[in-house]
$ cat target.tsv   # TSV, C-alpha atoms and all ligand atoms
chain	number	residue	atom	x	y	z
A	667	MET	CA	50.38	-79.85	-5.01
A	668	LYS	CA	48.18	-79.54	-1.94
A	669	PRO	CA	46.96	-82.95	-0.85
A	670	GLU	CA	43.95	-82.65	1.43
A	671	PRO	CA	44.76	-83.42	5.05
A	672	VAL	CA	43.25	-86.59	6.50
A	673	THR	CA	40.45	-85.75	8.94
A	674	VAL	CA	39.55	-87.73	12.06
A	675	THR	CA	36.65	-86.49	14.20
A	676	VAL	CA	36.52	-86.78	17.98
A	677	PRO	CA	32.82	-87.49	18.58
A	678	LEU	CA	31.68	-85.46	21.58
A	679	GLY	CA	28.29	-84.13	20.52
A	680	ALA	CA	28.25	-80.35	20.35
A	681	ARG	CA	31.92	-80.29	21.38
A	682	SER	CA	33.06	-82.63	18.59
A	683	TYR	CA	36.18	-81.49	16.79
A	684	PRO	CA	38.36	-82.49	13.88
A	685	ILE	CA	41.97	-83.59	13.86
A	686	LEU	CA	43.66	-82.66	10.57
A	687	ILE	CA	46.74	-84.70	9.70
A	688	GLY	CA	49.10	-84.07	6.80
A	689	SER	CA	52.11	-82.34	5.36
A	690	LYS	CA	52.67	-78.53	5.21
A	691	LEU	CA	49.74	-77.77	7.50
A	692	ILE	CA	51.56	-75.06	9.46
A	693	ASP	CA	52.08	-73.03	6.30
A	694	ARG	CA	48.37	-73.33	5.56
A	695	ALA	CA	47.30	-72.81	9.17
A	696	GLY	CA	45.60	-69.45	8.54
A	697	ALA	CA	42.98	-70.84	6.17
A	698	LEU	CA	42.63	-74.10	8.13
A	699	ILE	CA	42.15	-72.38	11.48
A	700	ALA	CA	40.03	-69.37	10.43
A	701	PRO	CA	36.67	-71.22	10.43
A	702	TYR	CA	37.20	-72.21	14.08
A	703	LEU	CA	37.88	-68.73	15.48
A	704	ARG	CA	35.28	-66.49	17.12
A	705	ARG	CA	37.48	-63.48	16.38
A	706	PRO	CA	40.52	-63.28	14.06
A	707	ARG	CA	42.79	-63.08	17.06
A	708	VAL	CA	44.92	-65.78	18.68
A	709	HIS	CA	47.58	-66.14	21.35
A	710	ILE	CA	50.23	-68.78	20.69
A	711	VAL	CA	52.03	-70.63	23.48
A	712	THR	CA	55.17	-72.52	22.51
A	713	ASP	CA	58.55	-73.55	23.94
A	714	ALA	CA	62.09	-72.33	23.42
A	715	ASN	CA	63.04	-75.27	21.16
A	716	VAL	CA	59.98	-75.12	18.95
A	717	ALA	CA	59.74	-71.33	18.63
A	718	PRO	CA	62.86	-70.77	16.50
A	719	ILE	CA	61.79	-73.51	14.06
A	720	TYR	CA	58.03	-73.07	13.70
A	721	LEU	CA	56.71	-69.93	15.40
A	722	GLY	CA	57.66	-67.52	12.61
A	723	ARG	CA	56.14	-69.77	9.97
A	724	LEU	CA	52.92	-70.15	11.92
A	725	GLN	CA	52.60	-66.40	12.53
A	726	ALA	CA	53.28	-65.63	8.86
A	727	ALA	CA	50.57	-68.10	7.82
A	728	LEU	CA	48.12	-66.51	10.27
A	729	THR	CA	48.96	-62.97	9.17
A	730	ALA	CA	48.41	-63.96	5.54
A	731	ALA	CA	44.87	-65.00	6.49
A	732	GLY	CA	44.21	-61.75	8.39
A	733	ILE	CA	44.54	-63.34	11.84
A	734	ALA	CA	46.33	-61.25	14.49
A	735	SER	CA	48.65	-63.19	16.77
A	736	ALA	CA	50.73	-62.69	19.90
A	737	ALA	CA	53.01	-65.34	21.37
A	738	THR	CA	54.46	-66.46	24.69
A	739	VAL	CA	57.53	-68.70	24.73
A	740	VAL	CA	58.12	-70.86	27.79
A	741	ALA	CA	61.17	-72.95	28.70
A	742	ALA	CA	61.33	-76.38	27.05
A	743	GLY	CA	60.93	-79.44	29.24
A	744	GLU	CA	58.69	-81.03	31.83
A	745	ALA	CA	59.64	-78.39	34.45
A	746	SER	CA	57.32	-75.99	32.62
A	747	LYS	CA	54.33	-78.06	33.75
A	748	SER	CA	54.43	-76.32	37.14
A	749	PHE	CA	52.36	-73.90	39.22
A	750	ALA	CA	55.10	-71.31	38.72
A	751	SER	CA	55.04	-71.59	34.92
A	752	LEU	CA	51.25	-71.61	34.89
A	753	GLU	CA	51.18	-68.39	36.93
A	754	THR	CA	53.72	-66.73	34.63
A	755	LEU	CA	51.76	-67.85	31.57
A	756	LEU	CA	48.40	-66.68	32.94
A	757	ASP	CA	49.88	-63.29	33.77
A	758	ALA	CA	51.38	-63.06	30.27
A	759	LEU	CA	47.98	-63.88	28.73
A	760	LEU	CA	46.25	-61.23	30.86
A	761	ASP	CA	49.03	-58.70	30.15
A	762	ALA	CA	48.42	-59.37	26.45
A	763	ARG	CA	44.71	-58.67	27.09
A	764	VAL	CA	43.30	-61.94	25.90
A	765	GLU	CA	39.52	-61.74	25.67
A	766	ARG	CA	36.75	-64.33	25.97
A	767	LYS	CA	36.77	-64.71	22.20
A	768	THR	CA	40.54	-64.99	21.80
A	769	THR	CA	41.69	-68.50	20.86
A	770	LEU	CA	44.80	-69.92	22.47
A	771	ILE	CA	47.04	-72.04	20.26
A	772	ALA	CA	49.37	-74.65	21.79
A	773	LEU	CA	52.33	-75.12	19.43
A	774	GLY	CA	54.66	-77.85	20.72
A	775	GLY	CA	54.84	-81.24	22.37
A	776	GLY	CA	52.89	-82.72	25.22
A	777	VAL	CA	54.30	-80.29	27.76
A	778	ILE	CA	53.02	-77.27	25.87
A	779	GLY	CA	49.68	-78.90	25.11
A	780	ASP	CA	49.08	-79.76	28.77
A	781	LEU	CA	50.23	-76.41	30.15
A	782	ALA	CA	48.61	-74.17	27.52
A	783	GLY	CA	45.45	-76.27	27.50
A	784	PHE	CA	45.11	-75.87	31.25
A	785	ALA	CA	45.74	-72.13	30.97
A	786	ALA	CA	43.00	-71.97	28.31
A	787	ALA	CA	40.67	-73.89	30.62
A	788	VAL	CA	41.03	-71.42	33.48
A	789	VAL	CA	41.90	-68.00	32.07
A	790	LEU	CA	38.73	-65.87	32.07
A	791	ARG	CA	37.03	-69.12	33.21
A	792	GLY	CA	37.82	-70.77	29.91
A	793	ILE	CA	38.63	-69.73	26.34
A	794	ASP	CA	38.83	-71.73	23.12
A	795	PHE	CA	42.01	-73.51	22.27
A	796	ILE	CA	43.62	-75.24	19.30
A	797	GLN	CA	46.39	-77.82	19.43
A	798	ILE	CA	49.25	-77.84	16.93
A	799	PRO	CA	51.24	-80.81	18.28
A	800	THR	CA	54.85	-81.06	17.08
A	801	THR	CA	55.96	-84.35	18.66
A	802	LEU	CA	54.78	-87.79	17.60
A	803	LEU	CA	53.67	-88.47	21.17
A	804	ALA	CA	51.47	-85.37	21.20
A	805	GLN	CA	50.09	-86.04	17.70
A	806	VAL	CA	48.93	-89.56	18.56
A	807	ASP	CA	48.09	-89.12	22.23
A	808	SER	CA	48.29	-86.05	24.41
A	809	ALA	CA	46.82	-83.49	21.98
A	810	VAL	CA	43.74	-85.67	21.53
A	811	GLY	CA	41.09	-86.11	24.20
A	812	GLY	CA	41.12	-82.93	26.26
A	813	LYS	CA	43.24	-83.83	29.26
A	814	THR	CA	45.23	-80.79	30.38
A	815	GLY	CA	47.22	-80.09	33.51
A	816	ILE	CA	50.41	-79.61	35.42
A	817	ASP	CA	52.64	-81.55	37.81
A	818	THR	CA	52.94	-80.90	41.54
A	819	ARG	CA	55.34	-82.14	44.21
A	820	HIS	CA	52.81	-84.94	44.79
A	821	GLY	CA	53.21	-86.30	41.28
A	822	LYS	CA	52.59	-85.74	37.61
A	823	ASN	CA	49.33	-84.41	36.15
A	824	LEU	CA	47.64	-84.14	39.55
A	825	VAL	CA	46.13	-80.70	38.89
A	826	GLY	CA	44.27	-80.04	35.68
A	827	ALA	CA	41.02	-79.98	33.76
A	828	PHE	CA	39.24	-81.67	30.93
A	829	HIS	CA	39.17	-78.98	28.25
A	830	GLN	CA	38.66	-80.15	24.69
A	831	PRO	CA	40.34	-78.26	21.84
A	832	ARG	CA	38.25	-76.88	18.97
A	833	LEU	CA	40.69	-78.26	16.41
A	834	VAL	CA	43.93	-80.27	16.27
A	835	LEU	CA	46.37	-79.64	13.42
A	836	SER	CA	49.06	-82.31	13.10
A	837	ASP	CA	51.69	-81.32	10.57
A	838	THR	CA	53.73	-84.46	9.90
A	839	ASP	CA	56.65	-82.35	8.63
A	840	THR	CA	57.34	-81.17	12.19
A	841	LEU	CA	58.61	-84.67	12.93
A	842	ASP	CA	61.56	-84.03	10.59
A	843	THR	CA	63.25	-81.91	13.27
A	844	LEU	CA	62.34	-84.16	16.18
A	845	PRO	CA	65.21	-86.25	17.62
A	846	LEU	CA	64.88	-89.93	16.64
A	847	ARG	CA	64.62	-90.99	20.27
A	848	GLU	CA	61.49	-88.82	20.65
A	849	VAL	CA	60.02	-90.30	17.47
A	850	ARG	CA	60.55	-93.81	18.81
A	851	ALA	CA	59.09	-92.88	22.21
A	852	GLY	CA	55.96	-91.58	20.49
A	853	TYR	CA	55.76	-94.77	18.45
A	854	ALA	CA	55.20	-96.76	21.65
A	855	GLU	CA	51.81	-95.07	22.08
A	856	ILE	CA	50.96	-95.93	18.45
A	857	ALA	CA	51.78	-99.59	19.10
A	858	LYS	CA	49.59	-99.36	22.20
A	859	TYR	CA	46.45	-98.75	20.12
A	860	GLY	CA	47.11	-101.89	18.10
A	861	LEU	CA	47.55	-103.89	21.28
A	862	ILE	CA	44.42	-102.46	22.94
A	863	ASP	CA	41.75	-103.11	20.31
A	864	ARG	CA	43.11	-102.87	16.74
A	865	PRO	CA	44.67	-106.21	15.81
A	866	ALA	CA	44.70	-105.39	12.08
A	867	PHE	CA	46.54	-102.15	12.85
A	868	TRP	CA	49.06	-104.14	14.88
A	869	ASP	CA	49.67	-106.40	11.86
A	870	TRP	CA	50.15	-103.29	9.72
A	871	LEU	CA	52.65	-101.91	12.23
A	872	GLU	CA	54.66	-105.11	12.16
A	873	ALA	CA	54.95	-104.66	8.40
A	874	HIS	CA	55.39	-100.86	8.27
A	875	GLY	CA	56.60	-99.73	11.70
A	876	ARG	CA	60.11	-98.99	10.50
A	877	GLU	CA	58.68	-96.73	7.81
A	878	VAL	CA	56.93	-94.73	10.53
A	879	ILE	CA	60.21	-94.34	12.40
A	880	GLY	CA	61.70	-93.26	9.08
A	881	GLU	CA	64.64	-95.64	8.86
A	882	GLY	CA	65.92	-96.83	5.54
A	883	VAL	CA	62.99	-95.52	3.50
A	884	ASP	CA	62.46	-92.63	1.11
A	885	THR	CA	60.65	-89.60	2.51
A	886	ALA	CA	57.47	-90.17	0.49
A	887	THR	CA	57.05	-93.68	1.94
A	888	ARG	CA	57.87	-92.38	5.40
A	889	ASP	CA	55.36	-89.53	5.22
A	890	ARG	CA	52.62	-91.82	3.91
A	891	ALA	CA	53.27	-94.32	6.71
A	892	ARG	CA	53.35	-91.58	9.34
A	893	THR	CA	50.10	-90.02	8.18
A	894	TYR	CA	48.36	-93.39	8.23
A	895	ALA	CA	49.76	-94.36	11.64
A	896	ILE	CA	48.85	-91.01	13.20
A	897	ALA	CA	45.35	-91.08	11.70
A	898	GLU	CA	44.71	-94.65	12.83
A	899	SER	CA	45.97	-93.81	16.33
A	900	CYS	CA	43.69	-90.77	16.49
A	901	ARG	CA	40.74	-92.92	15.33
A	902	ALA	CA	41.51	-95.41	18.07
A	903	LYS	CA	41.79	-92.76	20.76
A	904	ALA	CA	38.81	-90.76	19.47
A	905	ALA	CA	36.60	-93.85	19.64
A	906	ILE	CA	37.56	-94.49	23.26
A	907	VAL	CA	37.32	-90.83	24.33
A	908	GLY	CA	33.96	-90.51	22.54
A	909	GLU	CA	32.67	-93.36	24.65
A	910	ASP	CA	34.16	-92.23	27.96
A	911	GLU	CA	35.42	-88.63	28.01
A	912	THR	CA	36.31	-88.41	31.69
A	913	GLU	CA	37.70	-91.90	32.33
A	914	SER	CA	34.94	-93.63	34.25
A	915	GLY	CA	35.29	-96.79	32.15
A	916	ALA	CA	36.67	-97.61	28.72
A	917	ARG	CA	39.18	-94.75	28.72
A	918	ALA	CA	41.19	-96.66	31.32
A	919	LEU	CA	42.21	-99.05	28.51
A	920	LEU	CA	44.50	-96.26	27.31
A	921	ASN	CA	46.58	-96.97	30.40
A	922	LEU	CA	47.87	-100.22	28.89
A	923	GLY	CA	51.53	-100.43	29.89
A	924	HIS	CA	51.24	-97.28	31.99
A	925	THR	CA	50.78	-98.77	35.48
A	926	PHE	CA	54.12	-100.51	35.09
A	927	GLY	CA	55.59	-97.74	32.93
A	928	HIS	CA	54.95	-95.01	35.51
A	929	ALA	CA	56.78	-97.06	38.12
A	930	PHE	CA	59.84	-97.35	35.86
A	931	GLU	CA	59.72	-93.62	35.12
A	932	SER	CA	59.18	-92.38	38.64
A	933	LEU	CA	61.88	-94.58	40.20
A	934	ALA	CA	64.34	-93.39	37.55
A	935	GLY	CA	63.43	-89.80	38.45
A	936	PHE	CA	61.66	-88.81	35.19
A	937	GLY	CA	65.04	-87.87	33.77
A	938	ASP	CA	66.95	-88.86	30.69
A	939	ALA	CA	67.29	-92.52	31.73
A	940	VAL	CA	63.89	-93.43	30.35
A	941	ARG	CA	61.43	-91.44	28.21
A	942	HIS	CA	57.72	-91.86	28.90
A	943	GLY	CA	57.15	-93.81	25.68
A	944	GLU	CA	60.09	-96.12	26.39
A	945	ALA	CA	58.67	-96.89	29.84
A	946	VAL	CA	55.28	-97.57	28.25
A	947	ALA	CA	56.87	-99.95	25.73
A	948	ILE	CA	58.44	-101.96	28.55
A	949	GLY	CA	55.21	-101.72	30.58
A	950	MET	CA	53.19	-103.18	27.70
A	951	VAL	CA	55.55	-106.13	27.46
A	952	ILE	CA	55.10	-106.78	31.19
A	953	ALA	CA	51.30	-106.44	30.94
A	954	PHE	CA	51.32	-109.18	28.28
A	955	ALA	CA	53.80	-111.30	30.23
A	956	LEU	CA	51.49	-111.09	33.26
A	957	SER	CA	48.49	-111.96	31.06
A	958	GLU	CA	50.31	-115.03	29.76
A	959	ARG	CA	51.43	-116.08	33.23
A	960	ALA	CA	47.83	-115.83	34.50
A	961	GLU	CA	46.75	-117.87	31.47
A	962	LEU	CA	44.48	-115.10	30.27
A	963	CYS	CA	46.35	-114.82	26.96
A	964	PRO	CA	47.82	-117.55	24.72
A	965	ALA	CA	51.57	-118.14	24.92
A	966	GLY	CA	53.90	-116.43	22.46
A	967	ARG	CA	52.22	-113.03	22.31
A	968	THR	CA	54.75	-111.32	24.58
A	969	GLU	CA	57.60	-112.64	22.46
A	970	ARG	CA	55.94	-111.29	19.32
A	971	ILE	CA	55.54	-107.84	20.92
A	972	VAL	CA	59.15	-107.81	22.12
A	973	ARG	CA	60.32	-108.67	18.60
A	974	HIS	CA	58.43	-105.76	17.08
A	975	LEU	CA	59.46	-103.19	19.69
A	976	LYS	CA	63.10	-104.16	19.20
A	977	ALA	CA	62.69	-103.98	15.41
A	978	VAL	CA	61.70	-100.30	15.68
A	979	GLY	CA	64.49	-99.56	18.15
A	980	LEU	CA	62.47	-99.38	21.36
A	981	PRO	CA	63.54	-100.96	24.65
A	982	ALA	CA	61.47	-103.99	25.67
A	983	SER	CA	62.94	-104.87	29.08
A	984	PRO	CA	63.63	-102.88	32.26
A	985	ARG	CA	67.20	-104.10	31.96
A	986	ASP	CA	67.50	-101.76	28.98
A	987	ILE	CA	67.07	-98.78	31.35
A	988	PRO	CA	70.23	-97.51	33.08
A	989	HIS	CA	68.66	-97.75	36.53
A	990	GLU	CA	68.72	-100.53	39.14
A	991	TYR	CA	65.17	-101.67	39.93
A	992	THR	CA	63.93	-104.10	42.54
A	993	VAL	CA	60.57	-105.87	42.69
A	994	ASP	CA	59.81	-104.22	46.03
A	995	ALA	CA	60.55	-100.72	44.79
A	996	LEU	CA	58.42	-101.25	41.69
A	997	TRP	CA	55.53	-102.71	43.66
A	998	THR	CA	55.61	-99.81	46.13
A	999	ALA	CA	55.70	-97.28	43.28
A	1000	MET	CA	52.71	-98.98	41.66
A	1001	LEU	CA	50.72	-98.83	44.88
A	1002	GLY	CA	51.47	-95.10	45.08
A	1003	ASP	CA	50.10	-94.40	41.60
A	1004	LYS	CA	47.21	-91.92	41.44
A	1005	LYS	CA	45.08	-94.49	39.62
A	1006	VAL	CA	45.03	-96.79	42.66
A	1007	SER	CA	41.65	-96.73	44.39
A	1008	ASP	CA	40.85	-98.44	47.70
A	1009	GLY	CA	44.37	-99.85	47.66
A	1010	ARG	CA	43.58	-101.80	44.47
A	1011	ILE	CA	45.71	-101.31	41.40
A	1012	GLY	CA	43.76	-101.06	38.16
A	1013	PHE	CA	45.49	-103.29	35.62
A	1014	VAL	CA	45.07	-103.37	31.88
A	1015	LEU	CA	45.66	-106.95	30.77
A	1016	ALA	CA	44.96	-108.71	27.49
A	1017	LYS	CA	43.43	-111.89	26.16
A	1018	GLU	CA	45.00	-111.30	22.75
A	1019	ILE	CA	46.93	-108.74	20.74
A	1020	GLY	CA	44.10	-106.24	20.22
A	1021	GLY	CA	42.10	-107.69	23.11
A	1022	ALA	CA	42.90	-105.59	26.17
A	1023	PHE	CA	40.61	-105.38	29.20
A	1024	THR	CA	40.70	-103.74	32.63
A	1025	THR	CA	40.70	-105.58	35.92
A	1026	ALA	CA	41.62	-105.02	39.55
A	1027	ASP	CA	41.43	-108.74	40.24
A	1028	VAL	CA	45.09	-109.68	39.96
A	1029	ASP	CA	47.11	-111.77	42.36
A	1030	PRO	CA	49.98	-109.62	43.70
A	1031	ALA	CA	52.20	-112.73	43.79
A	1032	GLU	CA	51.76	-113.14	40.02
A	1033	VAL	CA	52.63	-109.48	39.47
A	1034	ARG	CA	55.75	-109.80	41.58
A	1035	ALA	CA	56.77	-112.99	39.81
A	1036	THR	CA	56.33	-111.30	36.43
A	1037	LEU	CA	58.39	-108.31	37.56
A	1038	ALA	CA	61.09	-110.62	38.93
A	1039	ASP	CA	61.26	-112.44	35.61
A	1040	ALA	CA	61.54	-109.12	33.77
A	1041	LEU	CA	64.36	-108.02	36.09
A	1042	GLU	CA	65.82	-111.53	36.10
A	1043	THR	CA	66.21	-111.39	39.85
A	1044	ALA	CA	65.02	-113.55	42.70
A	1045	ARG	CA	61.48	-112.89	43.89
A	1101	LIG	P1	56.33	-84.87	24.73
A	1101	LIG	O1	55.58	-84.40	23.55
A	1101	LIG	O2	57.20	-86.04	24.45
A	1101	LIG	O3	55.43	-85.04	25.92
A	1101	LIG	P2	57.84	-82.33	25.11
A	1101	LIG	O4	56.73	-81.39	24.92
A	1101	LIG	O5	58.69	-82.10	26.32
A	1101	LIG	O6	57.39	-83.83	25.26
A	1101	LIG	O7	58.76	-82.37	23.83
A	1101	LIG	C1	59.97	-83.10	23.84
A	1101	LIG	C2	61.13	-82.23	23.43
A	1101	LIG	O8	61.12	-82.02	22.02
A	1101	LIG	C3	61.13	-80.84	24.04
A	1101	LIG	O9	62.48	-80.49	24.32
A	1101	LIG	C4	60.61	-79.96	22.92
A	1101	LIG	O10	61.06	-78.65	23.03
A	1101	LIG	C5	61.15	-80.63	21.71
A	1101	LIG	N1	60.35	-80.51	20.48
A	1101	LIG	C6	59.00	-80.54	20.39
A	1101	LIG	N2	58.63	-80.54	19.12
A	1101	LIG	C7	59.76	-80.50	18.37
A	1101	LIG	C8	60.03	-80.51	16.97
A	1101	LIG	N3	59.04	-80.62	16.06
A	1101	LIG	N4	61.30	-80.45	16.56
A	1101	LIG	C9	62.31	-80.42	17.48
A	1101	LIG	N5	62.13	-80.43	18.79
A	1101	LIG	C10	60.86	-80.48	19.24
A	1102	ZN	ZN	51.40	-92.39	27.67
$ encode --input "target.tsv" --output "structure tokens"
Amino acid sequence: MKPEPVTVTVPLGARSYPILIGSKLIDRAGALIAPYLRRPRVHIVTDANVAPIYLGRLQAALTAAGIASAATVVAAGEASKSFASLETLLDALLDARVERKTTLIALGGGVIGDLAGFAAAVVLRGIDFIQIPTTLLAQVDSAVGGKTGIDTRHGKNLVGAFHQPRLVLSDTDTLDTLPLREVRAGYAEIAKYGLIDRPAFWDWLEAHGREVIGEGVDTATRDRARTYAIAESCRAKAAIVGEDETESGARALLNLGHTFGHAFESLAGFGDAVRHGEAVAIGMVIAFALSERAELCPAGRTERIVRHLKAVGLPASPRDIPHEYTVDALWTAMLGDKKVSDGRIGFVLAKEIGGAFTTADVDPAEVRATLADALETAR
């Protein structure tokens, strides 16, 4: 049986592209990808964890469709989003004689998508690229929307380019080998779309979130729930990116939970203490707590969000992170965020679940009080 993948289109005029979501897509990648290639020749970039599991299968599928492929394997982990790794990768691509009509394929999580996407944006002044995201986070967020880039000593994602893929292939089976903690971290970004502007999706997540995580359900139920949740997340992100590709307006809504989340991540040193998605989960709770405190949002919403995040096994409070935070340290980290302009922090707050909005008009005292409550310390 070959169920058709679900298709979601990112609407960007002549640069519009489909996201295909479903089971067994890697094994069918040759036929699925062929229509998007200028030449039957690709260069795959992947990491050392993903390569042993999926690279051989992908290359076999491509070969079967008459597509020639070469591959470069980089080290797994955020450290690969560096100038040094970019240089090594660009040299490898040029050594392999990529041409203007070669398509680069990013096979892996967000790190690979960001690094390989940026390499595709700059090598030979830009070649086509295709994303095959293998983490839940990448399937619902980073592989969609065309942001690519690397980290520098000044911070994360400070050098990069907008470079949209020609196609995104999300094979839900790749999540079977992903550690549960990574699945949960990706789920936080799924929940985010419900909280931003999809209240009905949020209700669905409250009923089916545990099926997406894959706990206590048969694999057919799990796969159906994952496909729906990924597709709905891609629809949500595609709608926002279609409206505002380069983040001059609506795209900032996607930062819900991130202004706070980045502060938790950066103070903890971006290590194992807190994954990006976990920090976002906690950040979303604080964004709603601040909205309630400022009487922008009815009471009880934060509690409802906390209940759901806990039900799927995500942290909902900074006290769940093995790091000692203070209000001052968090506030200073927030002021240092790259999204601060003219010394004003851009907040994403909410008037309802599914009713997020952006504002820079927030009283710092209310933010500090909300953080103090979350840390359960004196202000
Ligand atoms: P993210 O997608 O969360 O931004 P990474 O690209 O760093 O982050 O991926 C997280 C980790 O999971 C990395 O160590 C990566 O090698 C590994 N990984 C990615 N996809 C899979 C998969 N399908 N199965 C197992 N491990 C994977
Ligand atoms: Zn995020």
$ residues_around --input "target.tsv" --residues "range 1006-1019 of chain A" --least-positions-apart "3" --cutoff "9 Å" --atoms "all atoms listed in the file" --output "MDAnalysis selection string"
chainID A and resid 860:865 868 918:925 950 953:954 956:958 961:964 967 971 1000:1003 1022:1028
$ write_last_selection --input "target.tsv" --atoms "C-alpha atoms" --output "mmCIF file, in the coordinates of the input"
data_model
loop_
_atom_site.group_PDB
_atom_site.id
_atom_site.type_symbol
_atom_site.label_atom_id
_atom_site.label_comp_id
_atom_site.auth_asym_id
_atom_site.auth_seq_id
_atom_site.Cartn_x
_atom_site.Cartn_y
_atom_site.Cartn_z
ATOM 1 C CA GLY A 860 47.110 -101.890 18.100
ATOM 2 C CA LEU A 861 47.550 -103.890 21.280
ATOM 3 C CA ILE A 862 44.420 -102.460 22.940
ATOM 4 C CA ASP A 863 41.750 -103.110 20.310
ATOM 5 C CA ARG A 864 43.110 -102.870 16.740
ATOM 6 C CA PRO A 865 44.670 -106.210 15.810
ATOM 7 C CA TRP A 868 49.060 -104.140 14.880
ATOM 8 C CA ALA A 918 41.190 -96.660 31.320
ATOM 9 C CA LEU A 919 42.210 -99.050 28.510
ATOM 10 C CA LEU A 920 44.500 -96.260 27.310
ATOM 11 C CA ASN A 921 46.580 -96.970 30.400
ATOM 12 C CA LEU A 922 47.870 -100.220 28.890
ATOM 13 C CA GLY A 923 51.530 -100.430 29.890
ATOM 14 C CA HIS A 924 51.240 -97.280 31.990
ATOM 15 C CA THR A 925 50.780 -98.770 35.480
ATOM 16 C CA MET A 950 53.190 -103.180 27.700
ATOM 17 C CA ALA A 953 51.300 -106.440 30.940
ATOM 18 C CA PHE A 954 51.320 -109.180 28.280
ATOM 19 C CA LEU A 956 51.490 -111.090 33.260
ATOM 20 C CA SER A 957 48.490 -111.960 31.060
ATOM 21 C CA GLU A 958 50.310 -115.030 29.760
ATOM 22 C CA GLU A 961 46.750 -117.870 31.470
ATOM 23 C CA LEU A 962 44.480 -115.100 30.270
ATOM 24 C CA CYS A 963 46.350 -114.820 26.960
ATOM 25 C CA PRO A 964 47.820 -117.550 24.720
ATOM 26 C CA ARG A 967 52.220 -113.030 22.310
ATOM 27 C CA ILE A 971 55.540 -107.840 20.920
ATOM 28 C CA MET A 1000 52.710 -98.980 41.660
ATOM 29 C CA LEU A 1001 50.720 -98.830 44.880
ATOM 30 C CA GLY A 1002 51.470 -95.100 45.080
ATOM 31 C CA ASP A 1003 50.100 -94.400 41.600
ATOM 32 C CA ALA A 1022 42.900 -105.590 26.170
ATOM 33 C CA PHE A 1023 40.610 -105.380 29.200
ATOM 34 C CA THR A 1024 40.700 -103.740 32.630
ATOM 35 C CA THR A 1025 40.700 -105.580 35.920
ATOM 36 C CA ALA A 1026 41.620 -105.020 39.550
ATOM 37 C CA ASP A 1027 41.430 -108.740 40.240
ATOM 38 C CA VAL A 1028 45.090 -109.680 39.960
#
$ closest_residue --input "target.tsv" --among "A:Ala955, A:Ala742, A:Leu824, A:Ala804" --to "Phe784 in chain A" --atoms "only C-alpha atoms"
A:Leu824
$ residues_near_point --input "target.tsv" --point "(47.5, -83.6, 30.2)" --cutoff "7 Å" --atoms "only C-alpha atoms" --output "JSON, numbers by chain"
{"A": [780, 808, 813, 814, 815, 823]}
$ residues_near_ligand --input "target.tsv" --ligand "ligand ZN 1102 (chain A)" --cutoff "7 Å" --atoms "all atoms listed in the file" --output "list in words"
Glu855, His924, His942, Gly943 and Val946 of chain A
$ residues_near_ligand --input "target.tsv" --ligand "ligand LIG 1101 (chain A)" --cutoff "6 Å" --atoms "only C-alpha atoms and all ligand atoms" --output "list in words"
Asp713, Asn715, Val716, Ala742, Gly743, Glu744, Gly774, Gly775, Gly776, Val777, Ile778, Thr800, Thr801, Leu803, Ala804, Thr840, Leu841, Thr843 and Leu844 of chain A
$ atom_distance --input "target.tsv" --atom1 "CA of Thr1036 in chain A" --atom2 "CA of Thr992 in chain A"
12.1 Å
